[in-house]
$ cat my_file_19.cif   # mmCIF, C-alpha atoms
data_upload
#
loop_
_atom_site.label_atom_id
_atom_site.label_comp_id
_atom_site.auth_asym_id
_atom_site.auth_seq_id
_atom_site.Cartn_x
_atom_site.Cartn_y
_atom_site.Cartn_z
CA MET A 795 -38.36 -57.56 -42.31
CA SER A 796 -41.33 -56.12 -40.39
CA ASP A 797 -44.20 -54.41 -42.19
CA HIS A 798 -43.44 -51.14 -40.38
CA LEU A 799 -39.79 -51.14 -41.50
CA ARG A 800 -40.78 -52.08 -45.05
CA GLU A 801 -43.24 -49.16 -45.23
CA GLU A 802 -40.63 -46.76 -43.85
CA LEU A 803 -38.08 -47.80 -46.50
CA GLN A 804 -40.69 -47.48 -49.21
CA ARG A 805 -41.51 -43.91 -48.13
CA LYS A 806 -37.82 -42.98 -48.14
CA ASN A 807 -37.33 -44.46 -51.61
CA GLU A 808 -40.33 -42.55 -52.95
CA ALA A 809 -38.97 -39.31 -51.47
CA ILE A 810 -35.59 -39.92 -53.10
CA LEU A 811 -37.20 -40.61 -56.48
CA LYS A 812 -39.21 -37.41 -56.25
CA THR A 813 -36.08 -35.50 -55.31
CA VAL A 814 -34.12 -36.81 -58.27
CA ASN A 815 -36.75 -37.15 -60.96
CA GLY A 816 -39.29 -34.41 -60.46
CA ASN A 817 -39.88 -30.82 -59.48
CA GLU A 818 -43.12 -31.71 -57.69
CA TYR A 819 -41.21 -32.54 -54.52
CA PHE A 820 -39.87 -28.95 -54.38
CA ASN A 821 -43.02 -27.36 -55.82
CA LEU A 822 -41.09 -25.88 -58.75
CA PRO A 823 -42.36 -25.11 -62.27
CA GLU A 824 -41.40 -27.53 -65.02
CA GLU A 825 -40.24 -24.66 -67.21
CA LEU A 826 -39.23 -21.09 -66.45
CA HIS A 827 -38.73 -18.82 -69.46
CA VAL A 828 -36.17 -20.84 -71.51
CA TYR A 829 -34.94 -22.83 -68.50
CA HIS A 830 -36.00 -26.25 -67.25
CA SER A 831 -34.96 -28.96 -64.77
CA LEU A 832 -34.83 -26.53 -61.86
CA TYR A 833 -33.16 -27.83 -58.72
CA PRO A 834 -32.67 -25.81 -55.49
CA LEU A 835 -29.10 -25.12 -54.46
CA ASP A 836 -29.94 -23.79 -51.02
CA GLN A 837 -28.79 -26.04 -48.19
CA ARG A 838 -32.16 -25.68 -46.50
CA GLN A 839 -35.64 -25.78 -47.95
CA GLU A 840 -36.82 -22.71 -46.06
CA LYS A 841 -36.27 -19.25 -47.45
CA SER A 842 -32.68 -18.14 -47.62
CA ILE A 843 -31.10 -14.89 -46.46
CA LYS A 844 -33.07 -11.86 -47.56
CA ILE A 845 -31.64 -9.39 -50.08
CA PHE A 846 -32.81 -5.85 -49.35
CA GLY A 847 -35.86 -7.20 -47.56
CA TYR A 848 -36.87 -9.78 -50.17
CA PRO A 849 -36.52 -13.56 -49.70
CA SER A 850 -34.22 -15.07 -52.30
CA TRP A 851 -33.91 -18.59 -53.72
CA VAL A 852 -31.15 -20.14 -55.80
CA TYR A 853 -31.70 -22.86 -58.42
CA LYS A 854 -29.60 -24.81 -60.86
CA SER A 855 -31.23 -25.09 -64.29
CA VAL A 856 -30.59 -26.08 -67.89
CA CYS A 857 -31.11 -23.65 -70.76
CA SER A 858 -33.14 -25.08 -73.66
CA VAL A 859 -31.41 -22.67 -76.08
CA ASP A 860 -27.76 -23.67 -75.66
CA GLY A 861 -28.03 -26.72 -73.35
CA ARG A 862 -25.75 -25.16 -70.73
CA VAL A 863 -26.30 -25.14 -66.97
CA TYR A 864 -27.01 -21.80 -65.32
CA CYS A 865 -27.68 -20.51 -61.82
CA LEU A 866 -31.00 -18.73 -61.28
CA ARG A 867 -31.42 -16.39 -58.33
CA ARG A 868 -35.05 -15.59 -57.68
CA ILE A 869 -36.10 -12.53 -55.68
CA GLU A 870 -39.53 -13.39 -54.31
CA GLY A 871 -42.33 -10.86 -54.03
CA PHE A 872 -40.64 -8.10 -56.04
CA ARG A 873 -42.89 -6.19 -58.43
CA LEU A 874 -41.01 -4.28 -61.13
CA THR A 875 -42.50 -0.78 -61.37
CA ASN A 876 -39.95 0.89 -63.65
CA GLU A 877 -39.11 -0.87 -66.92
CA VAL A 878 -36.04 1.34 -67.31
CA ALA A 879 -34.47 -0.56 -64.40
CA MET A 880 -34.04 -3.55 -66.72
CA SER A 881 -31.49 -1.56 -68.71
CA THR A 882 -29.04 -1.78 -65.80
CA ILE A 883 -28.56 -5.48 -66.54
CA GLU A 884 -27.27 -4.65 -70.03
CA ASN A 885 -24.36 -2.75 -68.46
CA TRP A 886 -23.50 -5.75 -66.29
CA ARG A 887 -23.78 -8.21 -69.20
CA ARG A 888 -20.92 -6.45 -70.97
CA ILE A 889 -18.55 -7.13 -68.08
CA ARG A 890 -16.42 -10.26 -68.43
CA HIS A 891 -13.93 -10.67 -65.61
CA ALA A 892 -12.24 -13.70 -64.08
CA ASN A 893 -13.31 -12.67 -60.57
CA ILE A 894 -16.91 -11.74 -61.30
CA VAL A 895 -19.74 -14.22 -61.78
CA SER A 896 -21.15 -13.18 -65.16
CA ILE A 897 -24.82 -12.29 -65.40
CA ARG A 898 -26.68 -13.37 -68.53
CA GLU A 899 -30.15 -11.87 -68.21
CA ALA A 900 -32.98 -10.96 -65.87
CA PHE A 901 -36.72 -11.40 -66.27
CA THR A 902 -39.93 -11.18 -64.28
CA THR A 903 -42.19 -14.18 -63.77
CA LYS A 904 -45.38 -15.36 -62.11
CA ALA A 905 -44.51 -19.06 -62.50
CA PHE A 906 -44.04 -19.42 -58.72
CA GLY A 907 -47.48 -18.04 -57.95
CA ASP A 908 -46.27 -14.55 -57.08
CA HIS A 909 -44.42 -11.60 -58.60
CA SER A 910 -40.76 -12.56 -58.77
CA ILE A 911 -37.71 -11.39 -60.64
CA VAL A 912 -35.08 -13.90 -61.70
CA PHE A 913 -31.41 -13.17 -62.38
CA VAL A 914 -29.46 -15.66 -64.51
CA TYR A 915 -25.77 -16.19 -63.72
CA ASP A 916 -23.04 -18.56 -64.86
CA TYR A 917 -23.06 -21.78 -62.85
CA HIS A 918 -19.92 -22.76 -60.94
CA PRO A 919 -20.35 -26.27 -59.52
CA LEU A 920 -19.05 -27.19 -56.05
CA SER A 921 -18.45 -23.54 -55.17
CA LYS A 922 -18.75 -22.20 -51.64
CA THR A 923 -19.15 -18.71 -50.26
CA LEU A 924 -16.40 -17.11 -48.23
CA PHE A 925 -18.79 -17.30 -45.30
CA ASP A 926 -19.04 -21.09 -45.65
CA ARG A 927 -15.30 -21.41 -46.09
CA HIS A 928 -14.15 -19.18 -43.24
CA PHE A 929 -17.03 -18.30 -40.93
CA SER A 930 -19.38 -21.28 -40.79
CA SER A 931 -20.28 -22.42 -37.27
CA SER A 932 -19.05 -25.97 -37.86
CA LEU A 933 -15.68 -24.69 -39.08
CA GLN A 934 -15.13 -22.22 -36.26
CA ALA A 935 -16.20 -24.78 -33.66
CA THR A 936 -13.12 -26.84 -34.59
CA ASN A 937 -10.71 -23.95 -33.93
CA LEU A 938 -9.65 -22.52 -30.62
CA PRO A 939 -10.03 -18.78 -29.96
CA GLN A 940 -6.89 -16.95 -30.93
CA GLY A 941 -5.99 -13.28 -30.59
CA GLY A 942 -8.75 -10.99 -31.81
CA GLY A 943 -10.64 -13.69 -33.70
CA THR A 944 -12.48 -16.90 -33.14
CA GLY A 945 -10.32 -19.28 -35.13
CA ALA A 946 -6.94 -20.11 -36.59
CA ILE A 947 -4.94 -17.46 -38.44
CA VAL A 948 -5.61 -17.25 -42.17
CA PRO A 949 -2.23 -17.26 -44.01
CA GLU A 950 -1.27 -13.82 -45.28
CA THR A 951 -0.52 -15.18 -48.77
CA ILE A 952 -4.17 -16.26 -49.09
CA LEU A 953 -5.40 -12.86 -47.92
CA TRP A 954 -3.12 -11.07 -50.40
CA SER A 955 -4.54 -13.29 -53.12
CA TYR A 956 -8.07 -12.31 -52.09
CA ILE A 957 -7.12 -8.62 -52.02
CA THR A 958 -5.54 -8.80 -55.48
CA GLN A 959 -8.52 -10.56 -57.03
CA LEU A 960 -11.12 -8.30 -55.43
CA ALA A 961 -9.18 -5.13 -56.30
CA SER A 962 -9.01 -6.25 -59.92
CA ALA A 963 -12.74 -7.01 -60.02
CA ILE A 964 -13.69 -3.71 -58.32
CA LYS A 965 -11.41 -1.79 -60.71
CA THR A 966 -13.28 -3.27 -63.70
CA ILE A 967 -16.68 -2.58 -62.14
CA HIS A 968 -15.90 1.02 -61.18
CA SER A 969 -14.30 1.72 -64.57
CA SER A 970 -17.60 0.69 -66.16
CA GLY A 971 -19.49 3.29 -64.11
CA LEU A 972 -21.03 0.67 -61.82
CA ALA A 973 -20.77 -0.42 -58.18
CA ALA A 974 -20.61 -4.00 -56.90
CA ARG A 975 -22.67 -3.42 -53.74
CA MET A 976 -22.14 -7.10 -52.84
CA ILE A 977 -18.71 -7.12 -51.12
CA GLU A 978 -19.66 -9.39 -48.25
CA PRO A 979 -18.79 -12.98 -47.26
CA THR A 980 -22.16 -14.49 -48.23
CA LYS A 981 -22.02 -13.03 -51.75
CA ILE A 982 -18.46 -13.90 -52.76
CA LEU A 983 -17.91 -17.39 -54.14
CA SER A 984 -14.81 -19.53 -53.75
CA THR A 985 -14.87 -21.58 -56.95
CA ASN A 986 -11.43 -23.16 -56.81
CA LYS A 987 -8.26 -23.16 -54.75
CA ASN A 988 -8.12 -19.55 -53.46
CA ARG A 989 -10.08 -18.43 -56.55
CA ILE A 990 -12.90 -16.05 -55.65
CA ARG A 991 -15.64 -14.32 -57.66
CA ILE A 992 -18.04 -11.53 -56.73
CA ASN A 993 -21.57 -12.92 -57.04
CA CYS A 994 -25.06 -11.38 -57.34
CA CYS A 995 -23.87 -8.30 -59.23
CA GLY A 996 -26.65 -6.16 -60.65
CA ILE A 997 -29.34 -7.22 -58.19
CA MET A 998 -29.14 -4.15 -55.97
CA ASP A 999 -29.14 -1.85 -59.00
CA MET A 1000 -32.45 -3.39 -60.02
CA LEU A 1001 -34.09 -3.53 -56.60
CA THR A 1002 -33.14 0.06 -55.67
CA PHE A 1003 -33.08 1.68 -59.09
CA ASP A 1004 -32.21 5.39 -58.90
CA GLY A 1005 -30.93 6.05 -62.40
CA GLY A 1006 -27.30 6.03 -61.26
CA LYS A 1007 -27.59 9.18 -59.15
CA ASN A 1008 -25.71 7.71 -56.17
CA ILE A 1009 -23.10 5.68 -58.01
CA LEU A 1010 -20.13 7.55 -56.48
CA HIS A 1011 -21.50 6.93 -53.00
CA PHE A 1012 -21.96 3.22 -53.72
CA GLN A 1013 -18.40 2.96 -55.11
CA GLN A 1014 -17.06 4.42 -51.87
CA GLU A 1015 -19.16 1.88 -49.96
CA ASP A 1016 -17.57 -0.89 -52.05
CA LEU A 1017 -14.12 0.12 -50.80
CA LEU A 1018 -15.34 0.37 -47.20
CA HIS A 1019 -16.96 -3.07 -47.38
CA PHE A 1020 -13.79 -4.35 -49.05
CA GLY A 1021 -11.79 -3.29 -45.99
CA GLN A 1022 -14.37 -4.73 -43.60
CA LEU A 1023 -14.29 -8.06 -45.42
CA ILE A 1024 -10.49 -8.30 -45.26
CA ILE A 1025 -10.32 -7.39 -41.57
CA SER A 1026 -13.02 -9.98 -40.81
CA LEU A 1027 -11.03 -12.63 -42.68
CA ALA A 1028 -7.77 -11.65 -40.99
CA CYS A 1029 -9.34 -11.77 -37.53
CA ASN A 1030 -11.50 -14.77 -38.47
CA SER A 1031 -14.54 -13.07 -36.99
CA LEU A 1032 -17.42 -11.13 -38.54
CA SER A 1033 -17.73 -9.07 -35.36
CA SER A 1034 -14.17 -7.78 -35.63
CA VAL A 1035 -15.40 -4.63 -37.43
CA LEU A 1036 -17.28 -3.66 -34.26
CA ASN A 1037 -14.03 -3.22 -32.31
CA LEU A 1038 -11.56 -1.79 -34.79
CA PRO A 1039 -8.78 -0.79 -32.34
CA LYS A 1040 -8.53 -4.32 -30.98
CA SER A 1041 -8.75 -5.81 -34.47
CA ILE A 1042 -6.05 -3.52 -35.86
CA ASP A 1043 -3.81 -4.39 -32.91
CA TYR A 1044 -4.35 -8.08 -33.65
CA ILE A 1045 -3.46 -7.56 -37.30
CA SER A 1046 -0.33 -5.58 -36.33
CA ARG A 1047 0.89 -8.54 -34.29
CA HIS A 1048 0.17 -11.26 -36.85
CA TYR A 1049 0.49 -9.65 -40.28
CA SER A 1050 2.88 -7.40 -42.18
CA PRO A 1051 2.80 -3.56 -42.06
CA ASP A 1052 1.87 -3.41 -45.76
CA PHE A 1053 -1.19 -5.54 -45.07
CA LYS A 1054 -2.27 -3.30 -42.21
CA ASN A 1055 -1.77 -0.15 -44.30
CA VAL A 1056 -4.08 -1.43 -47.03
CA ILE A 1057 -6.81 -2.14 -44.47
CA LEU A 1058 -6.41 1.26 -42.82
CA TYR A 1059 -6.72 3.01 -46.18
CA LEU A 1060 -9.90 1.10 -47.02
CA LEU A 1061 -11.48 1.76 -43.61
CA ASN A 1062 -10.54 5.43 -43.22
CA LYS A 1063 -12.94 8.14 -44.30
CA PRO A 1064 -12.36 9.37 -47.87
CA THR A 1065 -10.28 12.55 -48.26
CA PRO A 1066 -11.95 13.61 -50.52
CA THR A 1067 -12.61 10.21 -52.11
CA LYS A 1068 -10.93 6.84 -51.98
CA SER A 1069 -9.95 5.12 -55.20
CA VAL A 1070 -9.33 1.50 -56.08
CA ASP A 1071 -6.38 2.73 -58.15
CA LYS A 1072 -4.65 3.73 -54.91
CA VAL A 1073 -5.26 0.25 -53.51
CA ILE A 1074 -3.75 -1.33 -56.62
CA ALA A 1075 -0.70 0.95 -56.28
CA MET A 1076 -0.29 -0.11 -52.65
CA ILE A 1077 -0.40 -3.84 -53.47
CA GLY A 1078 1.77 -3.60 -56.61
CA PRO A 1079 4.53 -6.03 -55.51
CA ARG A 1080 1.92 -8.54 -54.33
CA ILE A 1081 0.32 -8.51 -57.79
CA LEU A 1082 3.57 -9.81 -59.28
CA HIS A 1083 3.55 -12.65 -56.77
CA GLU A 1084 -0.06 -13.42 -57.65
CA ILE A 1085 0.78 -13.52 -61.37
CA ASN A 1086 3.68 -15.88 -60.66
CA SER A 1087 1.40 -18.16 -58.63
CA VAL A 1088 -1.21 -18.16 -61.39
CA HIS A 1089 1.40 -19.18 -63.96
CA HIS A 1090 2.62 -22.02 -61.73
CA TYR A 1091 -0.94 -23.23 -61.26
CA ASN A 1092 -1.52 -22.94 -65.00
CA ASP A 1093 1.53 -25.15 -65.59
CA PHE A 1094 0.12 -27.71 -63.16
CA LEU A 1095 -3.27 -27.71 -64.89
CA GLY A 1096 -1.57 -28.02 -68.28
CA SER A 1097 0.36 -31.05 -67.06
CA GLU A 1098 -2.80 -32.66 -65.70
CA LEU A 1099 -4.67 -31.91 -68.93
CA SER A 1100 -1.93 -33.47 -71.05
CA GLN A 1101 -2.28 -36.67 -69.02
CA GLU A 1102 -6.02 -36.69 -69.62
CA LEU A 1103 -5.43 -36.17 -73.34
CA GLU A 1104 -3.15 -39.20 -73.32
CA ASN A 1105 -5.87 -41.19 -71.55
CA GLY A 1106 -8.42 -40.02 -74.13
CA ARG A 1107 -6.31 -41.34 -77.01
CA LEU A 1108 -6.05 -44.76 -75.37
CA VAL A 1109 -9.77 -44.87 -74.61
CA ARG A 1110 -10.55 -44.23 -78.29
CA LEU A 1111 -8.30 -47.13 -79.25
CA LEU A 1112 -9.99 -49.43 -76.74
CA CYS A 1113 -13.40 -48.40 -78.08
CA LYS A 1114 -12.34 -49.35 -81.59
CA PHE A 1115 -11.18 -52.74 -80.31
CA GLY A 1116 -14.54 -53.27 -78.66
CA PHE A 1117 -16.45 -52.34 -81.81
CA ILE A 1118 -14.37 -54.55 -84.12
CA ASN A 1119 -13.56 -57.79 -82.27
CA GLU A 1120 -15.96 -60.76 -82.13
CA ARG A 1121 -19.20 -59.22 -83.34
CA PRO A 1122 -21.78 -62.08 -83.13
CA GLU A 1123 -24.15 -60.58 -85.73
CA PHE A 1124 -21.45 -60.91 -88.41
CA ASP A 1125 -20.51 -64.55 -87.73
CA MET A 1126 -22.08 -65.73 -91.02
CA ASP A 1127 -21.21 -62.61 -93.01
CA PRO A 1128 -18.41 -63.47 -95.48
CA SER A 1129 -17.52 -59.77 -95.77
CA TRP A 1130 -16.83 -59.62 -92.03
CA SER A 1131 -15.10 -62.89 -91.27
CA GLU A 1132 -12.24 -62.76 -88.79
CA THR A 1133 -9.63 -63.31 -91.42
CA GLY A 1134 -6.98 -61.07 -92.86
CA ASP A 1135 -6.91 -57.68 -91.18
CA ARG A 1136 -9.51 -58.52 -88.54
CA TYR A 1137 -7.70 -61.73 -87.62
CA LEU A 1138 -4.56 -59.65 -87.13
CA ILE A 1139 -6.45 -57.30 -84.81
CA LYS A 1140 -7.74 -60.26 -82.79
CA LEU A 1141 -4.21 -61.65 -82.36
CA PHE A 1142 -2.95 -58.22 -81.30
CA ARG A 1143 -5.74 -58.01 -78.71
CA ASP A 1144 -4.53 -61.32 -77.27
CA TYR A 1145 -0.93 -60.08 -77.35
CA VAL A 1146 -1.84 -57.01 -75.32
CA PHE A 1147 -4.42 -58.36 -72.84
CA HIS A 1148 -4.27 -62.17 -72.77
CA GLN A 1149 -0.65 -63.02 -72.13
CA VAL A 1150 0.20 -65.86 -69.71
CA ASP A 1151 3.36 -66.89 -67.89
CA GLU A 1152 5.25 -70.20 -68.12
CA ASN A 1153 2.77 -71.78 -65.70
CA GLY A 1154 -0.27 -70.70 -67.67
CA TYR A 1155 -1.35 -67.99 -65.23
CA PRO A 1156 -2.64 -64.63 -66.57
CA VAL A 1157 -0.09 -61.81 -66.72
CA VAL A 1158 -1.64 -58.57 -65.46
CA ASP A 1159 0.93 -56.01 -66.54
CA MET A 1160 -0.49 -52.50 -66.98
CA ALA A 1161 2.89 -51.16 -68.10
CA HIS A 1162 2.88 -53.64 -70.99
CA VAL A 1163 -0.68 -52.64 -71.97
CA LEU A 1164 0.05 -48.91 -71.90
CA MET A 1165 3.31 -49.32 -73.80
CA CYS A 1166 1.62 -51.36 -76.56
CA LEU A 1167 -1.33 -48.98 -76.90
CA ASN A 1168 0.91 -45.91 -77.05
CA LYS A 1169 3.09 -47.48 -79.73
CA LEU A 1170 -0.02 -48.47 -81.64
CA ASP A 1171 -1.48 -44.98 -81.45
CA ALA A 1172 1.82 -43.50 -82.68
CA GLY A 1173 2.05 -46.11 -85.45
CA VAL A 1174 5.74 -46.86 -84.89
CA ASP A 1175 7.67 -49.17 -87.23
CA GLU A 1176 8.71 -51.53 -84.42
CA ARG A 1177 7.80 -55.13 -85.23
CA ILE A 1178 6.28 -57.73 -82.91
CA MET A 1179 5.43 -61.41 -83.25
CA LEU A 1180 1.77 -62.40 -82.89
CA ILE A 1181 0.98 -66.07 -82.15
CA SER A 1182 -2.39 -67.75 -82.65
CA ARG A 1183 -4.18 -69.29 -79.69
CA ASP A 1184 -3.42 -72.83 -80.93
CA GLU A 1185 0.23 -71.83 -81.42
CA GLN A 1186 0.14 -73.22 -84.97
CA SER A 1187 0.87 -69.95 -86.72
CA CYS A 1188 2.68 -66.70 -86.06
CA LEU A 1189 2.87 -63.34 -87.79
CA ILE A 1190 5.53 -60.66 -87.62
CA VAL A 1191 4.00 -57.22 -88.12
CA SER A 1192 4.69 -53.63 -87.17
CA TYR A 1193 2.54 -51.39 -84.99
CA LYS A 1194 2.03 -49.17 -88.02
CA GLU A 1195 0.52 -52.04 -90.00
CA ILE A 1196 -1.76 -52.99 -87.11
CA LYS A 1197 -2.94 -49.38 -86.80
CA ASN A 1198 -3.80 -49.29 -90.51
CA CYS A 1199 -5.74 -52.55 -90.11
CA ILE A 1200 -7.73 -51.13 -87.19
CA ASP A 1201 -8.56 -47.91 -89.04
CA SER A 1202 -9.64 -49.87 -92.12
CA ALA A 1203 -11.83 -52.29 -90.15
CA PHE A 1204 -13.44 -49.44 -88.21
CA ARG A 1205 -14.26 -47.61 -91.44
CA ASP A 1206 -15.81 -50.80 -92.86
CA LEU A 1207 -17.89 -51.18 -89.71
CA SER A 1208 -19.06 -47.56 -89.89
CA ARG A 1209 -20.34 -48.07 -93.43
CA LYS A 1210 -22.42 -51.14 -92.59
#
$ encode --input "my_file_19.cif" --output "C-alpha cells"
Amino acid sequence: MSDHLREELQRKNEAILKTVNGNEYFNLPEELHVYHSLYPLDQRQEKSIKIFGYPSWVYKSVCSVDGRVYCLRRIEGFRLTNEVAMSTIENWRRIRHANIVSIREAFTTKAFGDHSIVFVYDYHPLSKTLFDRHFSSSLQATNLPQGGGTGAIVPETILWSYITQLASAIKTIHSSGLAARMIEPTKILSTNKNRIRINCCGIMDMLTFDGGKNILHFQQEDLLHFGQLIISLACNSLSSVLNLPKSIDYISRHYSPDFKNVILYLLNKPTPTKSVDKVIAMIGPRILHEINSVHHYNDFLGSELSQELENGRLVRLLCKFGFINERPEFDMDPSWSETGDRYLIKLFRDYVFHQVDENGYPVVDMAHVLMCLNKLDAGVDERIMLISRDEQSCLIVSYKEIKNCIDSAFRDLSRK
C-alpha cells in the first residue's frame, strides 16, 4: 500500500471516529440543559430550512433525567423578549394525540455561542417527512409525468388515511384553543406504514407570540393548508395549488367525488367560518374503514409480538444453560461438581444440541431444538432418555424434572 493511500485511509478513519465518538466534529456542546450526546439529524451539515426567518437545526439527544432519547429542534438567533410566550408551551404539553409529535419543554440557551431557543419533542426513529416520502427529487425522478402531477398516482386509500389522521389531530388542537400552523409536507412526519404525525407544534406560537388574539384566523389557515396539502399529494406536485382548476379536473378524473368534495370544502373561502367538525362529518364512512384497518394492523403486530415473546423465553433458557454448564472456575469446587442435577443438565444439553446420526455425523435439526426447549419451558411430564457420552449409563427423566434442576442450579449459581 502506498504512503499516500495509507494517509488517506487514516484521515477517513479519524473522521469516522470523530463522527461516532465525539461532538467536536460537529461543533456541538457536550451538554445542553439536561440533555447530552447530541447528534445532528439533518441530512446536510449546512443550515436547514428556515422557520419564520430563523435557521433551524435538529438533533437527537439523551436526557440525563430519564435516560430516554428526545429530538431537539433549535431555532438559531432567536432572542426571547416576552417571558409570557413560554406559557404557550404548557398548553401544548397537555396534548397527547396519536397523530401529533408530543412536545416536552422549551428553553433558551447560549451553549451554541448565540441566542437560541430549543424545543424538545418525542423522538421517532427512522421517520421521514411527507416531503421526503412523496415529493423528494430522487423519488419524482423515477416516475413519469402523469395527468396534473409529476409522478405516479397516490392510492386513494392512503390519502383517506392521511385525511382521517390529520382531521383527528386538528380537531384535538382546535378543541384545545390552539392552532397547528405547521400543516405542510416538510413538517409532517411519516413514522410507520401510512402513520403520520404533525411535527413542530408550538414553535410558531412562540416565535410570533400575540397572546392568542389571532387564534381563529390561524385555525382557518390550518384548514386551508390542510386542503392544499391533500391536493398536492393527490396531484403529486407541490405546484398544483398554483393552478387549482387543472388540479381539480385531474382529481375528478382519478379520484372519487367524495374525495373531491372534501378538498373543495377545505379550499373554499369560509362562509362564515370553516370547521374541522364539518370535515369529520364528510369523511364519516372513511373513518370506519380506518378503524377497521387499524384493528387489522393491531392484530398483525400482536401476532408478531407473541412470536418475539416466545423467542424471549427460549433465549432465557439458553442463557441459563450457558451460565450453568462447564464453568472452569468451579472444576475443583466440591459444591459445584457436575454430578446429580448439574450432570442431568449436561446430558440434556447433549440431547438437544449434540445428537449424531448412525454414521456419526452431527444432526442439525432446529425443529428438534425448538420442540425440546418449548417442552422444557412448559415443564411437561413427558419423559425422555438421556445417554452419557460414553454410552455406559442412561437416565429416564421428564422435562418437568429437568426444568426444576435448571432452576435449582441457577439459584445456586446466583448465590455464589
$ atom_distance --input "my_file_19.cif" --atom1 "CA of Gly996 (chain A)" --atom2 "CA of Gly847 (chain A)"
16.0 Å
$ residues_around --input "my_file_19.cif" --residues "Gln1022 (chain A)" --least-positions-apart "4" --cutoff "8 Å" --atoms "all atoms listed in the file" --output "PDB file with C-alpha atoms, in the coordinates of the input"
ATOM      1  CA  LEU A1018     -15.340   0.370 -47.200  1.00  0.00           C
ATOM      2  CA  SER A1026     -13.020  -9.980 -40.810  1.00  0.00           C
ATOM      3  CA  VAL A1035     -15.400  -4.630 -37.430  1.00  0.00           C
ATOM      4  CA  LEU A1061     -11.480   1.760 -43.610  1.00  0.00           C
TER       5      LEU A1061
END
$ atom_distance --input "my_file_19.cif" --atom1 "CA of Phe1003 (chain A)" --atom2 "CA of Asn885 (chain A)"
13.5 Å
$ resolve_selection --input "my_file_19.cif" --expression "the PyMOL selection byres ((chain A and resi 866) around 6)" --output "count of residues only"
6
$ closest_residue --input "my_file_19.cif" --among "A:Ile1118, A:Gly1021, A:Ile1081, A:Leu1032" --to "Asn1055 (chain A)" --atoms "all atoms listed in the file"
A:Gly1021
$ atom_distance --input "my_file_19.cif" --atom1 "CA of Leu972 (chain A)" --atom2 "CA of Arg989 (chain A)"
22.6 Å
$ closest_residue --input "my_file_19.cif" --among "A:Ser850, A:Leu924, A:Tyr917, A:Ser881" --to "Asn1030 (chain A)" --atoms "all atoms listed in the file"
A:Leu924
$ residues_around --input "my_file_19.cif" --residues "region 1167-1177 of chain A" --least-positions-apart "5" --cutoff "12 Å" --atoms "only C-alpha atoms" --output "VMD selection string"
chain A and resid 1104 to 1112 1114 to 1115 1139 1142 to 1143 1145 to 1147 1160 to 1162 1189 to 1201
$ resolve_selection --input "my_file_19.cif" --expression "the PyMOL selection byres ((chain A and resi 1025) around 12)" --output "PyMOL selection string"
chain A and resi 942-943+947-948+950+953-954+956-957+978-979+1018-1024+1026-1046+1049+1053-1061
$ resolve_selection --input "my_file_19.cif" --expression "the PyMOL selection byres ((chain A and resi 831) around 8)" --output "list in words"
Asn817, Glu824, Glu825, Tyr829, His830, Leu832, Tyr833, Lys854, Ser855 and Val856 of chain A
$ residues_around --input "my_file_19.cif" --residues "Arg868 (chain A)" --least-positions-apart "5" --cutoff "6 Å" --atoms "only C-alpha atoms" --output "list in words"
Ser850, Trp851, Ile911 and Val912 of chain A
$ closest_residue --input "my_file_19.cif" --among "A:Asp916, A:Asp1071, A:Asp1016, A:Glu1084" --to "Cys994 (chain A)" --atoms "only C-alpha atoms"
A:Asp916
$ closest_residue --input "my_file_19.cif" --among "A:Ala892, A:Asn986, A:Ala905, A:Val878" --to "Gly1006 (chain A)" --atoms "only C-alpha atoms"
A:Val878
$ decode --input "my_file_19.cif" --residues "region 904-915 of chain A" --atoms "N, CA and C atoms" --output "mmCIF file, in the first residue's frame"
data_model
loop_
_atom_site.group_PDB
_atom_site.id
_atom_site.type_symbol
_atom_site.label_atom_id
_atom_site.label_comp_id
_atom_site.auth_asym_id
_atom_site.auth_seq_id
_atom_site.Cartn_x
_atom_site.Cartn_y
_atom_site.Cartn_z
ATOM 1 N N LYS A 904 -27.427 29.674 25.398
ATOM 2 C CA LYS A 904 -26.308 30.313 24.713
ATOM 3 C C LYS A 904 -25.177 29.317 24.483
ATOM 4 N N ALA A 905 -25.488 28.008 24.634
ATOM 5 C CA ALA A 905 -24.457 26.978 24.533
ATOM 6 C C ALA A 905 -23.861 26.883 23.137
ATOM 7 N N PHE A 906 -24.565 27.387 22.115
ATOM 8 C CA PHE A 906 -24.066 27.328 20.742
ATOM 9 C C PHE A 906 -23.335 28.603 20.341
ATOM 10 N N GLY A 907 -23.140 29.490 21.302
ATOM 11 C CA GLY A 907 -22.445 30.738 21.006
ATOM 12 C C GLY A 907 -23.348 31.840 20.502
ATOM 13 N N ASP A 908 -24.662 31.646 20.594
ATOM 14 C CA ASP A 908 -25.597 32.687 20.181
ATOM 15 C C ASP A 908 -26.849 32.559 21.044
ATOM 16 N N HIS A 909 -27.834 33.370 20.765
ATOM 17 C CA HIS A 909 -29.125 33.262 21.440
ATOM 18 C C HIS A 909 -29.991 32.289 20.640
ATOM 19 N N SER A 910 -30.295 31.163 21.252
ATOM 20 C CA SER A 910 -31.125 30.161 20.582
ATOM 21 C C SER A 910 -32.233 29.719 21.525
ATOM 22 N N ILE A 911 -33.298 29.223 20.927
ATOM 23 C CA ILE A 911 -34.351 28.586 21.702
ATOM 24 C C ILE A 911 -34.496 27.156 21.205
ATOM 25 N N VAL A 912 -34.645 26.234 22.141
ATOM 26 C CA VAL A 912 -34.658 24.805 21.822
ATOM 27 C C VAL A 912 -35.998 24.215 22.246
ATOM 28 N N PHE A 913 -36.624 23.494 21.333
ATOM 29 C CA PHE A 913 -37.886 22.801 21.597
ATOM 30 C C PHE A 913 -37.594 21.301 21.665
ATOM 31 N N VAL A 914 -38.117 20.643 22.680
ATOM 32 C CA VAL A 914 -37.848 19.224 22.920
ATOM 33 C C VAL A 914 -39.089 18.417 22.561
ATOM 34 N N TYR A 915 -38.940 17.480 21.626
ATOM 35 C CA TYR A 915 -40.044 16.646 21.167
ATOM 36 C C TYR A 915 -39.706 15.170 21.378
#
